[in-house]
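Okay, so here's the structure we're looking at.
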Amino acid sequence: METLTFLQTSWFALIGALLAGYALLDGFDLGAGSLLPFLAADDEEKLVVFNSIWPFWDGNEVWLVTGGAALFAAFPHAYATVFSGFYLAFMLVLFALIFRAVSMEFWYYDEKRRGLWSAAFVAGSLLPSLLYGVALGNVMVGIPLAESMEFTGNFFTLLRPYPLAIGLLGLFAILLQGVTYIAMKTDGAVQNRARSIFGRVWGLFIAAMALSFAATIVYMPESLSNPLVWISAAVSIAAWLLCRLFASGGKTGLSFAMSSLALLGLWGIVGATQFPNLVRATGNASLNITLYNASSSEKTLWVMLYIALIGMPIVIFYTFYVYRIFRGKVMITK
Amino acid sequence: MDVVLLSRIQFAVAAGFHFIFPPLTLGITLVILVIETLFLKSGEEIYKTISAFLIKILGLIFALGVATGIVLEFSFGTNWAQYSRLVGDIFGAPLAAEGILAFFLESVFLGVLLFGRNRVSRRMYWVSAFLVFLGSHLSGFWIIIANSWMQTPAGFAIEGGRAVLTDFNAAVFNPSTVIRFLHTMLAGWITGTLFLAGIAAWYLLNKRHEAMPKIIMKISLIIFIFSALAQFASGHSSSVQVAKTQPEKMAAFEALWKTTEGAPLSLFGIPVESERKTYLEVSIPKLLSLLVHFDPNAKIMGLDEFGPDERPPVLLPFMSYHVMIALGSLFALLAVLSAFMLIRQTAYASKWFLVSMIAAIPLPHLANEFGWISAEVGRQPWAVYRVLKTADAVSVVVPAWQVLFSLIMFSMIYLLLFTVFVAILLKIVKKGPGATAGGY
């Protein structure tokens, strides 16, 4: 393999890993936030949910920041096309993320408007959870692209059946992360609520997966000839089954781990389907934005690879350490 | 309306609002580190109480910084897609490095600071305070690298219309990186310490928490005195660097219409671009030449050296640069005054001094914003100096009405956020140190 190809492939994998890290980690706090109305009945219970994610959400969101910046640095054309092409959709995501970032603090201190801020937190969690999948579905199934790599569709191009199906699948995978996380981190009333809605979220996940499978047969059947897609799907479904098994056995930690593995399996499907494409072009595969035609120079990819290979193991080490500091059930000390 | 102008306004709103928070973080994490060090050494409860109070404020500020920072990171893709395509090879790397080497560090250990006091050893808690301090400053370092590369690009070659990295070290340590980093960090320390000194002054005026505000005041003022005086030197070096590497920007700062030997330093004036003339000008003869070249008769390039499409606007950079310097000079005076008050031990009791400290809280923010406006508008018409024009950097597929829509939304959301932020801040301050923290 040529050096440049090796670097481009490494960065495809690394960005995949960064965004997978984001999906797993921010997934649980986005999921918990989206399900807040079902998990908490009053302010005290909301505080339990908030406390379970409070020490972590900042760090979790950095996976998105870093993944986005790595995409910018390694594949600037893909970054430019997707973010300018999906302008309005990403603006909605940004508005949502702004509110999500501030609304826990605002809720805590602005006692007169707690209803407003918890609603902002729910909307701010729900909207990105859905739209991430829609965006991903679009770059998988293909969007209209010009020779200049520019997007030529409009806002409604994004809302086609396949991306919407992937959007739902992403949403329910994130909800499953949230509900299993809350079951693991809390006890008492909040944990009971998490347990009682677990079954429905779990069922919706597989329903969305079946829907996505159907959409794949219709809109991109060629991806079904890839064995890696099937292996990843099998991992995801096996993990999904075990997730329920562990949940009903009261093994909440393992149940959360299996939800995470199910999400990773989905991510494997995405990676296997996409490689070596970053953004497919509808109708004309020669216009696809790939890891070969969208990448930065060899030098940049090398420098970045050094930074990532030295930096990320350290990040993972201290992230793991800090999660250990806060292991166990949430306690309220208010 | 023109999509370039709208995107510029949107970036200005997003960056200008974001820039309220990180400078505060820089100064406050430094004060927290000092107080945690005192606590580690002495074990006195009072330091723990003060630190817990400051960390609560930091948590709020940090949440707003994160919320508004994510917008900026993605706006290069959403609004400046051509920019991303043409210089992403170089510009993306410092942003990614910022995430990996800095932002993770501050965010992850902020969780420990906010919620981990009873879960880690005293030493580990200090380490967390140090890492949050380090992470926020490293974060500033990488962001300044990215912005400095736009001011004084280096370490690249143009291949097929794109800027391609040839020398990473040269790009990172481009001619303006180090001096702009020092300038911005000192600005952050001034901002954070005057903010905390102002809060402490309010307690002292209202005779609340006797001992605690004195400690906050003393530590903040000592850092402030050092920073404000050092900022005088760093500001000078920064201006010299601009004069040498971006002469048209310095010409705009000084409204120097014609190349002059023995150029004067302008203190006041109203530059009128259409007439190429400055009204009501007050200036000190030959001082600009002296400051830049250590030679009162040295030649300084004027705006007439540059074509009409390569000249920055004059009025806005001129005014913001002068306001920034006026404020910087005021801080230096305030620093001398504070030192005097600390030595005479009247800093905690003098009513007029305490009132001035409260009044000073917003001033560093004004200096920061004006400094940033002069740096960015002074670089126009370039997005990357003499490499890529701002007009050629904008996204080509985003229609103006969509940018107008998002601009209106951002403006409204940020107005709301700012209002609630100030209200909550006042609430936390009124409650004061010692109120129990939530969580874990």
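Convention: chains lettered A, B, ... in structure tokens order; per-chain residue numbering from 1; ligands numbered from 1 as shown.
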
12 Å contact set for Ala214 in chain A, only C-alpha atoms, chain neighbours under 4 positions out, as number ranges by chain: A: 161-162, 165-166, 207-210, 218-221, 224

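Near chain A, counting only C-alpha atoms at 6 Å, the chain B residues are Ala63, Ala67, Gly77, Thr78, Ala81, Ser84, Arg85, Gly88, Asp89, Gly92, Ala93, Leu95, Ala96, Gly99, Ile100, Phe104, Ser107, Val108, Gly111, Gly438, Gly439 and Tyr440 of chain B.
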
I'd like the contact shell of range 181-186 of chain A - 7 Å cut-off, only C-alpha atoms, skipping same-chain residues fewer than 6 positions apart - returned as a list in words. Phe28, Ala32, Ser52, Ala194, Arg195, Thr252, Gly253, Phe256, Gly328, Lys329 and Val330 of chain A

Go ahead and write the residues just picked, C-alpha atoms, as a CSV table (one decimal), in the first residue's frame.
```csv
chain,number,residue,atom,x,y,z
A,28,PHE,CA,-26.0,7.9,26.8
A,32,ALA,CA,-31.1,10.1,29.0
A,52,SER,CA,-25.8,10.9,36.6
A,194,ALA,CA,-35.9,3.2,33.4
A,195,ARG,CA,-36.7,-0.4,33.8
A,252,THR,CA,-27.4,-3.3,34.5
A,253,GLY,CA,-23.7,-2.7,33.8
A,256,PHE,CA,-25.4,-1.0,29.2
A,328,GLY,CA,-21.4,3.4,41.2
A,329,LYS,CA,-24.8,4.8,41.8
A,330,VAL,CA,-25.5,8.5,41.8
```

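CA of Leu18 in chain A is positioned 28.7 Å from CA of Ile217 in chain A.
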
Applying 9 Å and only C-alpha atoms, which residues near Ser223 in chain A remain after dropping the ones on its own chain fewer than 3 positions away? List them as a ChimeraX atom specification. /A:216-217,220,226,229,272-274

Suppose we keep N, CA and C atoms; can you now write the selection as a short mmCIF file (atom, residue, chain, number, x, y, z; two decimals), in the first residue's frame?
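So the final result, stored in selection_37.cif, reads:
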```
data_model
loop_
_atom_site.label_atom_id
_atom_site.label_comp_id
_atom_site.auth_asym_id
_atom_site.auth_seq_id
_atom_site.Cartn_x
_atom_site.Cartn_y
_atom_site.Cartn_z
N THR A 216 -32.87 -0.45 3.06
CA THR A 216 -31.61 -0.80 2.40
C THR A 216 -31.87 -1.69 1.18
N ILE A 217 -32.81 -2.66 1.36
CA ILE A 217 -33.15 -3.53 0.23
C ILE A 217 -33.65 -2.70 -0.95
N MET A 220 -30.51 0.79 -1.37
CA MET A 220 -29.09 0.51 -1.65
C MET A 220 -28.77 -0.98 -1.46
N ASN A 226 -21.98 -7.09 0.87
CA ASN A 226 -20.74 -6.94 1.65
C ASN A 226 -20.83 -7.79 2.92
N VAL A 229 -20.94 -6.11 6.36
CA VAL A 229 -22.22 -5.54 6.76
C VAL A 229 -23.02 -6.56 7.56
N ALA A 272 -18.52 -0.30 6.97
CA ALA A 272 -18.38 -1.29 5.90
C ALA A 272 -19.10 -0.82 4.64
N THR A 273 -20.26 -0.18 4.82
CA THR A 273 -21.01 0.31 3.65
C THR A 273 -20.29 1.46 2.97
N GLN A 274 -19.72 2.33 3.78
CA GLN A 274 -19.15 3.56 3.23
C GLN A 274 -17.79 3.38 2.56
#
```

As a PDB file with C-alpha atoms, in the first residue's frame, please: the residues near Ala157 in chain B (cut-off 12 Å, only C-alpha atoms, same-chain neighbours under 6 positions excluded).
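The resulting file, around.pdb, is reproduced below:
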```pdb
ATOM      1  CA  SER A 297      -1.823  16.199   1.890  1.00  0.00           C
ATOM      2  CA  LYS A 299       2.304  15.684   5.310  1.00  0.00           C
TER       3      LYS A 299
ATOM      4  CA  LEU B  86      -8.691  25.752   0.112  1.00  0.00           C
ATOM      5  CA  VAL B  87      -6.835  25.958   3.435  1.00  0.00           C
ATOM      6  CA  ASP B  89      -5.009  21.107   4.807  1.00  0.00           C
ATOM      7  CA  ILE B  90      -3.379  23.459   7.304  1.00  0.00           C
ATOM      8  CA  ALA B 163      -2.657  25.748   0.402  1.00  0.00           C
ATOM      9  CA  VAL B 164      -0.706  22.599   1.250  1.00  0.00           C
ATOM     10  CA  LEU B 165       1.368  22.074   4.373  1.00  0.00           C
ATOM     11  CA  THR B 166       5.129  21.963   3.815  1.00  0.00           C
ATOM     12  CA  ASP B 167       6.469  22.642   7.298  1.00  0.00           C
ATOM     13  CA  PHE B 168       4.323  21.989  10.363  1.00  0.00           C
ATOM     14  CA  ALA B 170       6.717  26.857  10.600  1.00  0.00           C
ATOM     15  CA  ALA B 171       2.910  26.851  10.344  1.00  0.00           C
ATOM     16  CA  VAL B 387      -3.498  33.975   0.330  1.00  0.00           C
TER      17      VAL B 387
END
```

Out of range 147-186 of chain A, which residues get alpha helix (DSSP H) from DSSP, as a tab-separated table (two decimals) with N, CA and C atoms, in the first residue's frame?
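That gives us part21.tsv:
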```tsv
chain	number	residue	atom	x	y	z
A	161	PRO	N	-36.86	8.80	2.33
A	161	PRO	CA	-37.18	7.66	3.20
A	161	PRO	C	-35.95	7.00	3.83
A	162	TYR	N	-34.91	6.76	3.03
A	162	TYR	CA	-33.76	6.04	3.58
A	162	TYR	C	-33.10	6.81	4.73
A	163	PRO	N	-32.77	8.09	4.51
A	163	PRO	CA	-32.18	8.83	5.63
A	163	PRO	C	-33.11	8.90	6.85
A	164	LEU	N	-34.41	9.01	6.60
A	164	LEU	CA	-35.32	9.08	7.75
A	164	LEU	C	-35.31	7.76	8.53
A	165	ALA	N	-35.23	6.63	7.80
A	165	ALA	CA	-35.15	5.34	8.48
A	165	ALA	C	-33.88	5.25	9.32
A	166	ILE	N	-32.76	5.68	8.75
A	166	ILE	CA	-31.50	5.65	9.49
A	166	ILE	C	-31.57	6.62	10.68
A	167	GLY	N	-32.26	7.75	10.46
A	167	GLY	CA	-32.45	8.70	11.56
A	167	GLY	C	-33.16	8.06	12.73
A	168	LEU	N	-34.23	7.31	12.44
A	168	LEU	CA	-34.97	6.64	13.51
A	168	LEU	C	-34.11	5.59	14.20
A	169	LEU	N	-33.34	4.84	13.40
A	169	LEU	CA	-32.48	3.81	13.98
A	169	LEU	C	-31.46	4.45	14.92
A	170	GLY	N	-30.85	5.54	14.46
A	170	GLY	CA	-29.88	6.24	15.32
A	170	GLY	C	-30.54	6.72	16.60
A	171	LEU	N	-31.72	7.29	16.45
A	171	LEU	CA	-32.44	7.80	17.63
A	171	LEU	C	-32.69	6.68	18.64
A	172	PHE	N	-33.20	5.54	18.17
A	172	PHE	CA	-33.54	4.48	19.13
A	172	PHE	C	-32.29	3.83	19.72
A	173	ALA	N	-31.22	3.77	18.93
A	173	ALA	CA	-29.97	3.26	19.50
A	173	ALA	C	-29.49	4.18	20.62
A	174	ILE	N	-29.63	5.48	20.41
A	174	ILE	CA	-29.23	6.44	21.44
A	174	ILE	C	-30.16	6.35	22.66
A	175	LEU	N	-31.45	6.17	22.41
A	175	LEU	CA	-32.38	6.01	23.53
A	175	LEU	C	-32.05	4.77	24.34
A	176	LEU	N	-31.66	3.71	23.65
A	176	LEU	CA	-31.30	2.47	24.36
A	176	LEU	C	-30.05	2.71	25.22
A	177	GLN	N	-29.09	3.46	24.68
A	177	GLN	CA	-27.92	3.84	25.48
A	177	GLN	C	-28.38	4.58	26.74
A	178	GLY	N	-29.29	5.53	26.54
A	178	GLY	CA	-29.74	6.36	27.66
A	178	GLY	C	-30.45	5.56	28.72
A	179	VAL	N	-31.36	4.71	28.30
A	179	VAL	CA	-32.19	4.00	29.28
A	179	VAL	C	-31.34	2.96	30.03
A	180	THR	N	-30.43	2.29	29.35
A	180	THR	CA	-29.60	1.30	30.05
A	180	THR	C	-28.59	2.01	30.97
A	181	TYR	N	-28.13	3.19	30.55
A	181	TYR	CA	-27.20	3.94	31.40
A	181	TYR	C	-27.88	4.38	32.69
A	182	ILE	N	-29.10	4.92	32.55
A	182	ILE	CA	-29.81	5.40	33.74
A	182	ILE	C	-30.13	4.23	34.67
A	183	ALA	N	-30.49	3.08	34.09
A	183	ALA	CA	-30.76	1.91	34.93
A	183	ALA	C	-29.50	1.50	35.70
A	184	MET	N	-28.34	1.69	35.07
A	184	MET	CA	-27.08	1.31	35.71
A	184	MET	C	-26.68	2.31	36.80
A	185	LYS	N	-26.88	3.61	36.51
A	185	LYS	CA	-26.32	4.63	37.40
A	185	LYS	C	-27.25	5.06	38.53
```

Near range 366-368 of chain B, within 8 Å and counting only C-alpha atoms, which residues show up once chain neighbours fewer than 2 positions away are dropped, as a short mmCIF file (atom, residue, chain, number, x, y, z; two decimals) with C-alpha atoms, in the first residue's frame?
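out20.cif was written with the following content:
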```
data_model
loop_
_atom_site.label_atom_id
_atom_site.label_comp_id
_atom_site.auth_asym_id
_atom_site.auth_seq_id
_atom_site.Cartn_x
_atom_site.Cartn_y
_atom_site.Cartn_z
CA PHE B 19 -15.14 35.40 23.32
CA ALA B 187 -5.82 39.47 28.40
CA VAL B 323 -10.09 52.01 22.37
CA MET B 324 -8.17 48.80 23.17
CA ILE B 325 -4.98 50.76 23.86
CA LEU B 327 -8.30 50.49 28.05
CA GLY B 328 -4.92 48.76 28.29
CA PRO B 362 -16.87 44.78 31.94
CA LEU B 363 -13.84 46.77 30.79
CA PRO B 364 -11.48 43.88 29.94
CA PHE B 370 -12.04 45.62 20.38
CA GLY B 371 -8.63 43.98 20.15
CA TRP B 372 -10.17 41.08 18.29
#
```
